[in-house]
Amino acid sequence: MAEAGIARLADPDVEARLARLDDLLEGLQATPGPTTRSATEAVVLLTEVYGEALARIMDRADGQLAERLADDELLGHLLVLHDIHPEPPERRAARAVERLRPAVRERGGDVEWAGVEGQVGRVRLKAGGGGCGSGCGGGTTELSDAVQEAVLAAAPELTAVESLAIPSDRQAAPAFVPLATLTHRGDR
């Protein structure tokens, strides 16, 4: 909880600052020279020191506090960045898939976590149906991309995310063809 008088950044403000930081770092990398090397080294050293401070906080946190810290989106990303997240990558990836599941189901599809093989996360996907196929914005490619992005954001230690098809529970019923149409060829 924030102390009175201490302003906190809202998530969109944090995201805007991270985007600006990315832009600045890209600009630095595009400009060769000793000043660029010094600035880049300063960022790396500052990141390492802050990472060590965060690791010390996690060392002193009890299980419940560590869990609450890891559940915060920004802190969770920092814990992953510094390789000190208390949860294994597989559990974080599974939670990311479960968070996506209601939105996917609203669109007539489904997504399930299928585990990790090596460094590859696996999910089972069924694209949104409703008779509109992939043209309704619920196509397999879009869904697969969204799931991959969410899983890799939660567990960047994974090298890839493989999508497997969920077999449809509803198999198409065989078309009913009246016997009379088979025995009477064209005479009506």
# chains A, B, ... in the order shown; residues from 1 in each chain; ligands from 1

$ residues_around --residues "Leu18 of chain A" --least-positions-apart "5" --cutoff "12 Å" --atoms "only C-alpha atoms" --output "PyMOL selection string"
chain A and resi 9+11-13+23-25+74+77

$ select_by_dssp --residues "segment 57-93 of chain A" --states "alpha helix (DSSP H)" --output "list in words"
Ile57, Met58, Asp59, Arg60, Gly63, Gln64, Leu65, Ala66, Glu67, Arg68, Leu69, Ala70, Asp71, Glu73, Leu74, Leu75, Gly76, His77, Leu78, Leu79, Val80, Leu81, Pro89, Glu90, Arg91, Arg92 and Ala93 of chain A

$ write_last_selection --atoms "N, CA and C atoms" --output "CSV table (one decimal), in the first residue's frame"
chain,number,residue,atom,x,y,z
A,57,ILE,N,14.9,-8.7,-1.3
A,57,ILE,CA,13.5,-8.6,-0.8
A,57,ILE,C,12.9,-10.0,-0.8
A,58,MET,N,13.0,-10.7,-1.9
A,58,MET,CA,12.4,-12.0,-2.1
A,58,MET,C,13.0,-13.0,-1.1
A,59,ASP,N,14.3,-12.9,-0.8
A,59,ASP,CA,14.9,-13.8,0.2
A,59,ASP,C,14.3,-13.6,1.6
A,60,ARG,N,13.9,-12.4,1.9
A,60,ARG,CA,13.3,-12.1,3.2
A,60,ARG,C,11.8,-12.2,3.3
A,63,GLY,N,6.4,-16.9,2.4
A,63,GLY,CA,5.8,-17.5,1.2
A,63,GLY,C,4.6,-16.7,0.7
A,64,GLN,N,3.8,-16.2,1.6
A,64,GLN,CA,2.6,-15.4,1.2
A,64,GLN,C,2.9,-14.1,0.6
A,65,LEU,N,3.9,-13.4,1.1
A,65,LEU,CA,4.3,-12.1,0.6
A,65,LEU,C,5.0,-12.3,-0.8
A,66,ALA,N,5.9,-13.4,-0.9
A,66,ALA,CA,6.5,-13.7,-2.1
A,66,ALA,C,5.5,-13.9,-3.2
A,67,GLU,N,4.4,-14.7,-2.9
A,67,GLU,CA,3.4,-15.0,-3.8
A,67,GLU,C,2.6,-13.7,-4.3
A,68,ARG,N,2.3,-12.8,-3.3
A,68,ARG,CA,1.7,-11.6,-3.6
A,68,ARG,C,2.5,-10.7,-4.5
A,69,LEU,N,3.8,-10.6,-4.2
A,69,LEU,CA,4.8,-9.9,-5.1
A,69,LEU,C,4.8,-10.4,-6.5
A,70,ALA,N,4.9,-11.7,-6.6
A,70,ALA,CA,5.0,-12.4,-7.9
A,70,ALA,C,3.7,-12.2,-8.7
A,71,ASP,N,2.6,-12.1,-8.0
A,71,ASP,CA,1.3,-11.9,-8.7
A,71,ASP,C,1.1,-10.5,-9.3
A,73,GLU,N,1.8,-7.8,-11.8
A,73,GLU,CA,2.3,-7.9,-13.2
A,73,GLU,C,3.7,-7.3,-13.4
A,74,LEU,N,3.9,-6.1,-12.9
A,74,LEU,CA,5.2,-5.5,-13.1
A,74,LEU,C,6.3,-6.2,-12.3
A,75,LEU,N,6.0,-6.5,-11.0
A,75,LEU,CA,7.0,-7.2,-10.2
A,75,LEU,C,7.3,-8.6,-10.7
A,76,GLY,N,6.2,-9.2,-11.2
A,76,GLY,CA,6.4,-10.6,-11.8
A,76,GLY,C,7.3,-10.6,-12.9
A,77,HIS,N,7.2,-9.6,-13.8
A,77,HIS,CA,8.1,-9.5,-15.0
A,77,HIS,C,9.6,-9.2,-14.5
A,78,LEU,N,9.7,-8.3,-13.5
A,78,LEU,CA,11.0,-8.1,-13.0
A,78,LEU,C,11.6,-9.3,-12.3
A,79,LEU,N,10.8,-10.1,-11.6
A,79,LEU,CA,11.3,-11.3,-11.0
A,79,LEU,C,11.8,-12.3,-12.0
A,80,VAL,N,11.1,-12.4,-13.1
A,80,VAL,CA,11.5,-13.2,-14.2
A,80,VAL,C,12.7,-12.7,-14.9
A,81,LEU,N,12.8,-11.4,-15.1
A,81,LEU,CA,14.0,-10.8,-15.7
A,81,LEU,C,15.3,-11.1,-14.9
A,89,PRO,N,8.6,-21.9,-14.5
A,89,PRO,CA,8.0,-21.4,-15.7
A,89,PRO,C,6.7,-22.1,-16.1
A,90,GLU,N,6.7,-23.4,-15.9
A,90,GLU,CA,5.5,-24.2,-16.3
A,90,GLU,C,4.2,-23.7,-15.6
A,91,ARG,N,4.3,-23.4,-14.3
A,91,ARG,CA,3.2,-23.0,-13.6
A,91,ARG,C,2.7,-21.6,-14.0
A,92,ARG,N,3.7,-20.7,-14.3
A,92,ARG,CA,3.4,-19.4,-14.7
A,92,ARG,C,2.7,-19.4,-16.1
A,93,ALA,N,3.2,-20.3,-17.0
A,93,ALA,CA,2.6,-20.4,-18.3
A,93,ALA,C,1.2,-21.0,-18.2

$ closest_residue --among "A:Arg56, A:Arg17, A:Arg124, A:Arg8" --to "Arg101 of chain A" --atoms "only C-alpha atoms"
A:Arg124

$ select_by_dssp --residues "segment 19-121 of chain A" --states "strand (DSSP E)" --output "ChimeraX atom specification"
/A:110-117,120-121

$ residues_around --residues "Ala42 of chain A" --least-positions-apart "6" --cutoff "12 Å" --atoms "only C-alpha atoms" --output "list in words"
Leu25, Leu28, Thr35, Thr36, Glu48 and Val49 of chain A

$ atom_distance --atom1 "atom CA of Val116 of chain A" --atom2 "atom CA of Asp72 of chain A"
23.8 Å
